[in-house]
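Structure file model_19.json; described as JSON, C-alpha atoms.
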[["chain", "number", "residue", "atom", "x", "y", "z"],
["A", 119, "MET", "CA", 13.85, -7.63, -37.09],
["A", 120, "LEU", "CA", 16.32, -10.50, -37.32],
["A", 121, "VAL", "CA", 13.91, -13.30, -36.35],
["A", 122, "GLU", "CA", 10.38, -13.40, -37.72],
["A", 123, "LEU", "CA", 7.86, -15.13, -35.46],
["A", 124, "PRO", "CA", 4.08, -15.45, -35.44],
["A", 125, "ILE", "CA", 2.45, -12.65, -33.43],
["A", 126, "VAL", "CA", 1.43, -15.03, -30.63],
["A", 127, "TRP", "CA", 5.02, -16.19, -30.14],
["A", 128, "THR", "CA", 6.33, -12.65, -30.41],
["A", 129, "THR", "CA", 3.91, -11.51, -27.71],
["A", 130, "LEU", "CA", 4.80, -14.42, -25.42],
["A", 131, "LEU", "CA", 8.50, -13.79, -25.96],
["A", 132, "ASN", "CA", 8.03, -10.10, -25.15],
["A", 133, "VAL", "CA", 6.24, -10.87, -21.88],
["A", 134, "LEU", "CA", 8.82, -13.49, -20.92],
["A", 135, "ALA", "CA", 11.70, -11.18, -21.84],
["A", 136, "TRP", "CA", 10.33, -8.37, -19.67],
["A", 137, "LEU", "CA", 9.90, -10.73, -16.73],
["A", 138, "ILE", "CA", 13.46, -12.01, -17.11],
["A", 139, "ILE", "CA", 14.90, -8.51, -17.61],
["A", 140, "GLN", "CA", 13.09, -6.87, -14.68],
["A", 141, "LEU", "CA", 13.54, -9.71, -12.19],
["A", 142, "GLY", "CA", 16.99, -10.67, -13.45],
["A", 143, "LEU", "CA", 18.33, -7.14, -13.12],
["A", 144, "ALA", "CA", 16.84, -6.79, -9.64],
["A", 145, "TRP", "CA", 18.37, -10.10, -8.57],
["A", 146, "MET", "CA", 21.79, -9.18, -10.04],
["A", 147, "MET", "CA", 21.85, -5.67, -8.59],
["A", 148, "ILE", "CA", 21.03, -6.93, -5.09],
["A", 149, "ARG", "CA", 24.18, -9.05, -5.21],
["A", 150, "ILE", "CA", 26.39, -5.98, -5.65],
["A", 151, "PRO", "CA", 27.55, -4.63, -2.26],
["A", 152, "ALA", "CA", 25.66, -1.49, -1.23],
["A", 153, "ASN", "CA", 28.87, 0.47, -0.69],
["A", 154, "ARG", "CA", 29.43, 0.33, -4.48],
["A", 155, "PHE", "CA", 26.44, 2.63, -5.02],
["A", 156, "ASN", "CA", 27.32, 6.27, -4.43],
["A", 157, "PRO", "CA", 24.12, 8.35, -4.37],
["A", 158, "ARG", "CA", 26.18, 11.55, -4.61],
["A", 159, "SER", "CA", 28.16, 10.53, -7.71],
["A", 160, "LEU", "CA", 28.12, 12.66, -10.84],
["A", 161, "ILE", "CA", 25.53, 10.40, -12.47],
["A", 162, "ALA", "CA", 23.34, 9.71, -9.41],
["A", 163, "GLY", "CA", 23.49, 13.13, -7.82],
["A", 164, "LEU", "CA", 20.48, 15.38, -7.98],
["A", 165, "ARG", "CA", 20.62, 18.33, -10.35],
["A", 166, "PRO", "CA", 19.86, 21.90, -9.22],
["A", 167, "TRP", "CA", 16.61, 21.94, -11.22],
["A", 168, "GLU", "CA", 15.37, 18.94, -9.19],
["A", 169, "ASN", "CA", 15.34, 21.26, -6.15],
["A", 170, "SER", "CA", 16.09, 18.45, -3.66],
["A", 171, "GLY", "CA", 13.16, 16.43, -5.01],
["A", 172, "ARG", "CA", 10.60, 19.21, -4.82],
["A", 173, "PHE", "CA", 10.43, 19.31, -8.64],
["A", 174, "TYR", "CA", 8.79, 15.86, -8.54],
["A", 175, "GLU", "CA", 6.20, 17.06, -6.05],
["A", 176, "LYS", "CA", 5.20, 20.05, -8.16],
["A", 177, "ILE", "CA", 5.34, 18.62, -11.68],
["A", 178, "PHE", "CA", 4.37, 14.96, -11.13],
["A", 179, "ARG", "CA", 2.47, 15.22, -7.83],
["A", 180, "ILE", "CA", 4.50, 12.23, -6.79],
["A", 181, "LYS", "CA", 3.25, 12.15, -3.20],
["A", 182, "ARG", "CA", -0.16, 11.08, -4.51],
["A", 183, "TRP", "CA", 0.99, 7.92, -6.27],
["A", 184, "LYS", "CA", 4.49, 6.86, -5.23],
["A", 185, "ASP", "CA", 3.25, 4.62, -2.40],
["A", 186, "ARG", "CA", 1.31, 2.54, -4.94],
["A", 187, "LEU", "CA", 4.47, 1.45, -6.74],
["A", 188, "PRO", "CA", 5.62, -2.11, -6.06],
["A", 189, "ASP", "CA", 8.82, -2.60, -4.08],
["A", 190, "ALA", "CA", 10.20, -5.85, -5.44],
["A", 191, "ALA", "CA", 13.65, -5.44, -3.85],
["A", 192, "GLY", "CA", 12.30, -6.29, -0.42],
["A", 193, "ARG", "CA", 11.07, -9.63, -1.76],
["A", 194, "PHE", "CA", 14.53, -10.82, -2.77],
["A", 195, "LYS", "CA", 16.86, -12.36, -0.22],
["A", 196, "GLY", "CA", 19.31, -9.62, 0.65],
["A", 197, "GLY", "CA", 17.02, -6.95, -0.80],
["A", 198, "PHE", "CA", 16.24, -3.68, 0.93],
["A", 199, "ALA", "CA", 12.56, -2.84, 1.31],
["A", 200, "LYS", "CA", 12.05, 0.87, 0.78],
["A", 201, "ALA", "CA", 8.33, 1.06, 1.49],
["A", 202, "ASN", "CA", 8.75, 2.02, 5.15],
["A", 203, "LEU", "CA", 11.28, 4.15, 6.95],
["A", 204, "ARG", "CA", 12.44, 1.79, 9.69],
["A", 205, "ALA", "CA", 14.81, 4.23, 11.37],
["A", 206, "ASN", "CA", 15.74, 7.89, 11.30],
["A", 207, "THR", "CA", 19.44, 7.58, 12.08],
["A", 208, "PRO", "CA", 22.11, 9.04, 9.77],
["A", 209, "ASP", "CA", 23.49, 5.54, 9.08],
["A", 210, "PHE", "CA", 20.10, 4.19, 8.05],
["A", 211, "LEU", "CA", 19.38, 7.24, 5.90],
["A", 212, "GLU", "CA", 22.76, 6.80, 4.16],
["A", 213, "GLN", "CA", 21.87, 3.18, 3.49],
["A", 214, "PHE", "CA", 18.49, 4.25, 2.16],
["A", 215, "LEU", "CA", 20.20, 6.76, -0.16],
["A", 216, "ARG", "CA", 22.43, 4.03, -1.57],
["A", 217, "GLU", "CA", 19.41, 1.82, -2.12],
["A", 218, "THR", "CA", 17.56, 4.58, -4.00],
["A", 219, "TRP", "CA", 20.50, 4.78, -6.42],
["A", 220, "ARG", "CA", 20.61, 0.99, -6.74],
["A", 221, "GLY", "CA", 16.88, 0.95, -7.51],
["A", 222, "GLU", "CA", 17.12, 3.82, -9.96],
["A", 223, "LEU", "CA", 20.03, 2.21, -11.77],
["A", 224, "THR", "CA", 18.17, -1.10, -11.98],
["A", 225, "HIS", "CA", 15.22, 0.59, -13.68],
["A", 226, "LEU", "CA", 17.48, 2.62, -15.98],
["A", 227, "LEU", "CA", 19.21, -0.57, -17.12],
["A", 228, "ALA", "CA", 15.83, -2.14, -17.86],
["A", 229, "VAL", "CA", 14.92, 0.79, -20.11],
["A", 230, "LEU", "CA", 18.26, 0.44, -21.88],
["A", 231, "ALA", "CA", 17.32, -3.17, -22.75],
["A", 232, "VAL", "CA", 14.71, -1.99, -25.28],
["A", 233, "PRO", "CA", 16.99, -2.41, -28.35],
["A", 234, "LEU", "CA", 17.10, -6.15, -27.58],
["A", 235, "PHE", "CA", 13.44, -6.34, -28.62],
["A", 236, "ALA", "CA", 14.40, -5.33, -32.18],
["A", 237, "ILE", "CA", 15.72, -8.88, -32.66],
["A", 238, "TRP", "CA", 12.24, -10.42, -32.85],
["A", 239, "ASN", "CA", 9.87, -7.46, -33.15],
["A", 240, "PRO", "CA", 8.94, -5.34, -36.15],
["A", 241, "GLY", "CA", 9.39, -1.59, -35.74],
["A", 242, "TRP", "CA", 5.94, -1.05, -34.26],
["A", 243, "GLY", "CA", 6.59, -3.87, -31.77],
["A", 244, "VAL", "CA", 9.82, -2.23, -30.63],
["A", 245, "ALA", "CA", 7.87, 1.01, -30.14],
["A", 246, "VAL", "CA", 5.25, -0.82, -28.05],
["A", 247, "ASN", "CA", 7.99, -2.39, -25.93],
["A", 248, "ALA", "CA", 9.69, 0.98, -25.53],
["A", 249, "ALA", "CA", 6.40, 2.39, -24.28],
["A", 250, "CYS", "CA", 6.11, -0.55, -21.85],
["A", 251, "ALA", "CA", 9.65, 0.13, -20.63],
["A", 252, "VAL", "CA", 8.74, 3.75, -19.94],
["A", 253, "VAL", "CA", 5.47, 2.88, -18.19],
["A", 254, "LEU", "CA", 7.07, 0.12, -16.07],
["A", 255, "ASN", "CA", 10.27, 1.93, -15.11],
["A", 256, "VAL", "CA", 10.10, 5.72, -15.32],
["A", 257, "PRO", "CA", 7.65, 6.12, -12.39],
["A", 258, "CYS", "CA", 10.05, 4.05, -10.25],
["A", 259, "ILE", "CA", 13.03, 6.14, -11.38],
["A", 260, "LEU", "CA", 11.16, 9.34, -10.49],
["A", 261, "ALA", "CA", 10.22, 7.94, -7.07],
["A", 262, "GLN", "CA", 13.85, 7.00, -6.34],
["A", 263, "ARG", "CA", 15.11, 10.46, -7.26],
["A", 264, "TYR", "CA", 12.34, 12.11, -5.25],
["A", 265, "ASN", "CA", 13.14, 9.99, -2.18],
["A", 266, "ARG", "CA", 16.86, 10.67, -2.55],
["A", 267, "GLY", "CA", 16.16, 14.39, -2.48],
["A", 268, "ARG", "CA", 13.98, 14.05, 0.61],
["A", 269, "PHE", "CA", 16.52, 12.01, 2.53],
["A", 270, "LEU", "CA", 19.38, 14.28, 1.55],
["A", 271, "ARG", "CA", 17.38, 17.19, 3.03],
["A", 272, "VAL", "CA", 16.81, 15.22, 6.24],
["A", 273, "LEU", "CA", 20.51, 14.33, 6.49],
["A", 274, "GLU", "CA", 21.52, 17.96, 5.97],
["A", 275, "ARG", "CA", 19.33, 18.96, 8.93],
["A", 276, "LYS", "CA", 20.89, 16.32, 11.21]]
What's the structure tokens form of this structure?
Amino acid sequence: MLVELPIVWTTLLNVLAWLIIQLGLAWMMIRIPANRFNPRSLIAGLRPWENSGRFYEKIFRIKRWKDRLPDAAGRFKGGFAKANLRANTPDFLEQFLRETWRGELTHLLAVLAVPLFAIWNPGWGVAVNAACAVVLNVPCILAQRYNRGRFLRVLERK
């Protein structure tokens, strides 16, 4: 901890930092052109063990809870709402795939921001913020990967 603050200020700073990180990353990522996000890249591509997203159905029962996740991207100007499938054309599905990678990357970057909290938090506070990062972002990452697998299967059939 580089800066020692009273617990009330530390807590307020943590809440404010998470709001800025989550919303700021979403806002910044929306400004990057969609064609810059390749859902089939080495990093974004699904692994064989993910079984085209079926892994997330079996292990996490994702179908039961994924629709309860917030979709903040659709609230930003220029954002792409992923809650509803508005079309079933190959072009739209490709766009949706790109947006799943954009969303996943946004949440991954938020998790990577955890070390920042070491500036004003003691060790236990960093651990609490790391847990918050996991709870806030990992379900969204899983949902993006699951959806990417589903839409890749649909595109393969077309």
Selection near Gly171 in chain A, 7 Å with only C-alpha atoms, sequence-local residues under 5 positions removed, as a list in words: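 Residues near the query, excluding close chain neighbours: Arg263, Tyr264, Gly267 and Arg268 of chain A.
Comparing the minimum interatomic distances between Arg158 in chain A and each of A:His225, A:Arg271, A:Arg182, A:Arg216, counting only C-alpha atoms, we find that A:Arg216 sits nearest.
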10 Å contact set for Leu273 in chain A, all atoms listed in the file, chain neighbours under 6 positions out, as a PyMOL selection string: chain A and resi 206-209+211-212+267
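Counting only C-alpha atoms, range 150-155 of chain A has the following residues at most 7 Å away, ignoring those fewer than 2 positions along the same chain: Met147, Ile148, Pro157, Arg216, Trp219 and Arg220 of chain A.
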Which residue of A:Leu215, A:Ala162, A:Ile125, A:Val256 approaches Lys184 in chain A most closely, using only C-alpha atoms: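 Closest to Lys184 in chain A, using only C-alpha atoms: A:Val256.
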A:Glu217, A:Glu122, A:Glu274, A:Asp185 ranked by distance to Phe198 in chain A, top pick (using all atoms listed in the file):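 That would be A:Glu217, the residue with the smallest distance to Phe198 in chain A.
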From A:Val232, A:Leu223, A:Ile139, A:Met146, residue lying nearest Val246 in chain A [only C-alpha atoms]: A:Val232
Counting only C-alpha atoms, the option among A:Asn239, A:Asn255, A:Asn247, A:Asn156 closest to Leu227 in chain A: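 Among the listed residues, A:Asn255 lies closest to Leu227 in chain A.
Taking CA of Ala228 in chain A as the reference point, CA of Trp127 in chain A is found at 21.6 Å.
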Separation of CA of Thr128 in chain A from CA of Gly221 in chain A in Å: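 Straight-line distance from CA of Gly221 in chain A to CA of Thr128 in chain A works out to 28.6 Å.
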For Met119 in chain A, the nearest of the candidates A:Phe178, A:Trp183, A:Trp242, A:Trp167, counting all atoms listed in the file: A:Trp242
Length of the CA of Phe214 in chain A to CA of Leu226 in chain A vector [Å]: 18.2 Å
Selection: 10 Å around Lys181 in chain A, only C-alpha atoms, excl. self and same-chain fewer than 6 positions, as an MDAnalysis selection string: chainID A and resid 174:175 261 264
Selection to disk with C-alpha atoms, as an mmCIF file, in the coordinates of the input:
data_model
loop_
_atom_site.group_PDB
_atom_site.id
_atom_site.type_symbol
_atom_site.label_atom_id
_atom_site.label_comp_id
_atom_site.auth_asym_id
_atom_site.auth_seq_id
_atom_site.Cartn_x
_atom_site.Cartn_y
_atom_site.Cartn_z
ATOM 1 C CA TYR A 174 8.790 15.860 -8.540
ATOM 2 C CA GLU A 175 6.200 17.060 -6.050
ATOM 3 C CA ALA A 261 10.220 7.940 -7.070
ATOM 4 C CA TYR A 264 12.340 12.110 -5.250
#
Spatial neighbours of Val229 in chain A, 12 Å, all atoms listed in the file, chain gap at least 6 places, as a ChimeraX atom specification: /A:136,139-140,143,222-223,235,247-259
Draw an axis-aligned box over all listed atoms of range 174-179 of chain A, pad each side with 8 Å, and write its centre and edge lengths in Å, one decimal, as JSON.
{"center_x": 5.6, "center_y": 17.5, "center_z": -8.9, "size_x": 22.3, "size_y": 21.1, "size_z": 21.6}
Can you sort out range 230-264 of chain A so it carries N, CA and C atoms, written as a CSV table (one decimal), in the coordinates of the input?
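Output contents, as saved in result-v1.csv:
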chain,number,residue,atom,x,y,z
A,230,LEU,N,17.2,0.6,-20.9
A,230,LEU,CA,18.3,0.4,-21.9
A,230,LEU,C,18.2,-0.9,-22.6
A,231,ALA,N,17.4,-1.9,-22.1
A,231,ALA,CA,17.3,-3.2,-22.8
A,231,ALA,C,16.4,-3.2,-24.0
A,232,VAL,N,15.7,-2.1,-24.2
A,232,VAL,CA,14.7,-2.0,-25.3
A,232,VAL,C,15.3,-2.4,-26.6
A,233,PRO,N,16.5,-2.0,-27.0
A,233,PRO,CA,17.0,-2.4,-28.4
A,233,PRO,C,17.0,-3.9,-28.6
A,234,LEU,N,17.1,-4.7,-27.5
A,234,LEU,CA,17.1,-6.2,-27.6
A,234,LEU,C,15.8,-6.6,-28.3
A,235,PHE,N,14.7,-5.9,-28.1
A,235,PHE,CA,13.4,-6.3,-28.6
A,235,PHE,C,13.4,-6.2,-30.1
A,236,ALA,N,14.3,-5.5,-30.7
A,236,ALA,CA,14.4,-5.3,-32.2
A,236,ALA,C,14.8,-6.6,-32.9
A,237,ILE,N,15.3,-7.6,-32.1
A,237,ILE,CA,15.7,-8.9,-32.7
A,237,ILE,C,14.5,-9.6,-33.2
A,238,TRP,N,13.4,-9.6,-32.5
A,238,TRP,CA,12.2,-10.4,-32.8
A,238,TRP,C,11.0,-9.6,-33.0
A,239,ASN,N,11.0,-8.3,-33.0
A,239,ASN,CA,9.9,-7.5,-33.2
A,239,ASN,C,10.0,-6.6,-34.4
A,240,PRO,N,8.9,-6.4,-35.1
A,240,PRO,CA,8.9,-5.3,-36.2
A,240,PRO,C,9.0,-4.0,-35.5
A,241,GLY,N,9.2,-2.9,-36.3
A,241,GLY,CA,9.4,-1.6,-35.7
A,241,GLY,C,8.3,-1.2,-34.8
A,242,TRP,N,7.0,-1.4,-35.1
A,242,TRP,CA,5.9,-1.0,-34.3
A,242,TRP,C,6.0,-1.8,-32.9
A,243,GLY,N,6.5,-3.1,-33.0
A,243,GLY,CA,6.6,-3.9,-31.8
A,243,GLY,C,7.7,-3.3,-30.8
A,244,VAL,N,8.8,-2.8,-31.4
A,244,VAL,CA,9.8,-2.2,-30.6
A,244,VAL,C,9.3,-1.0,-30.0
A,245,ALA,N,8.5,-0.2,-30.7
A,245,ALA,CA,7.9,1.0,-30.1
A,245,ALA,C,6.9,0.7,-29.0
A,246,VAL,N,6.1,-0.4,-29.1
A,246,VAL,CA,5.2,-0.8,-28.0
A,246,VAL,C,6.1,-1.2,-26.8
A,247,ASN,N,7.2,-2.0,-27.0
A,247,ASN,CA,8.0,-2.4,-25.9
A,247,ASN,C,8.7,-1.2,-25.3
A,248,ALA,N,9.1,-0.2,-26.1
A,248,ALA,CA,9.7,1.0,-25.5
A,248,ALA,C,8.7,1.7,-24.6
A,249,ALA,N,7.4,1.8,-25.1
A,249,ALA,CA,6.4,2.4,-24.3
A,249,ALA,C,6.2,1.6,-23.0
A,250,CYS,N,6.2,0.3,-23.1
A,250,CYS,CA,6.1,-0.6,-21.8
A,250,CYS,C,7.3,-0.3,-20.9
A,251,ALA,N,8.5,-0.1,-21.5
A,251,ALA,CA,9.6,0.1,-20.6
A,251,ALA,C,9.5,1.4,-19.9
A,252,VAL,N,9.0,2.4,-20.6
A,252,VAL,CA,8.7,3.8,-19.9
A,252,VAL,C,7.7,3.6,-18.8
A,253,VAL,N,6.6,3.0,-19.2
A,253,VAL,CA,5.5,2.9,-18.2
A,253,VAL,C,5.9,2.1,-17.0
A,254,LEU,N,6.7,1.0,-17.2
A,254,LEU,CA,7.1,0.1,-16.1
A,254,LEU,C,8.2,0.7,-15.2
A,255,ASN,N,9.0,1.5,-15.8
A,255,ASN,CA,10.3,1.9,-15.1
A,255,ASN,C,10.4,3.4,-14.8
A,256,VAL,N,9.9,4.3,-15.6
A,256,VAL,CA,10.1,5.7,-15.3
A,256,VAL,C,9.4,6.2,-14.0
A,257,PRO,N,8.2,5.7,-13.7
A,257,PRO,CA,7.6,6.1,-12.4
A,257,PRO,C,8.5,5.7,-11.2
A,258,CYS,N,9.2,4.5,-11.3
A,258,CYS,CA,10.0,4.0,-10.2
A,258,CYS,C,11.3,4.9,-10.2
A,259,ILE,N,11.8,5.3,-11.3
A,259,ILE,CA,13.0,6.1,-11.4
A,259,ILE,C,12.7,7.5,-10.7
A,260,LEU,N,11.6,8.0,-11.1
A,260,LEU,CA,11.2,9.3,-10.5
A,260,LEU,C,11.0,9.2,-9.0
A,261,ALA,N,10.4,8.1,-8.5
A,261,ALA,CA,10.2,7.9,-7.1
A,261,ALA,C,11.6,7.8,-6.3
A,262,GLN,N,12.5,7.1,-7.0
A,262,GLN,CA,13.8,7.0,-6.3
A,262,GLN,C,14.5,8.4,-6.2
A,263,ARG,N,14.5,9.1,-7.3
A,263,ARG,CA,15.1,10.5,-7.3
A,263,ARG,C,14.4,11.4,-6.3
A,264,TYR,N,13.1,11.3,-6.2
A,264,TYR,CA,12.3,12.1,-5.2
A,264,TYR,C,12.7,11.7,-3.8
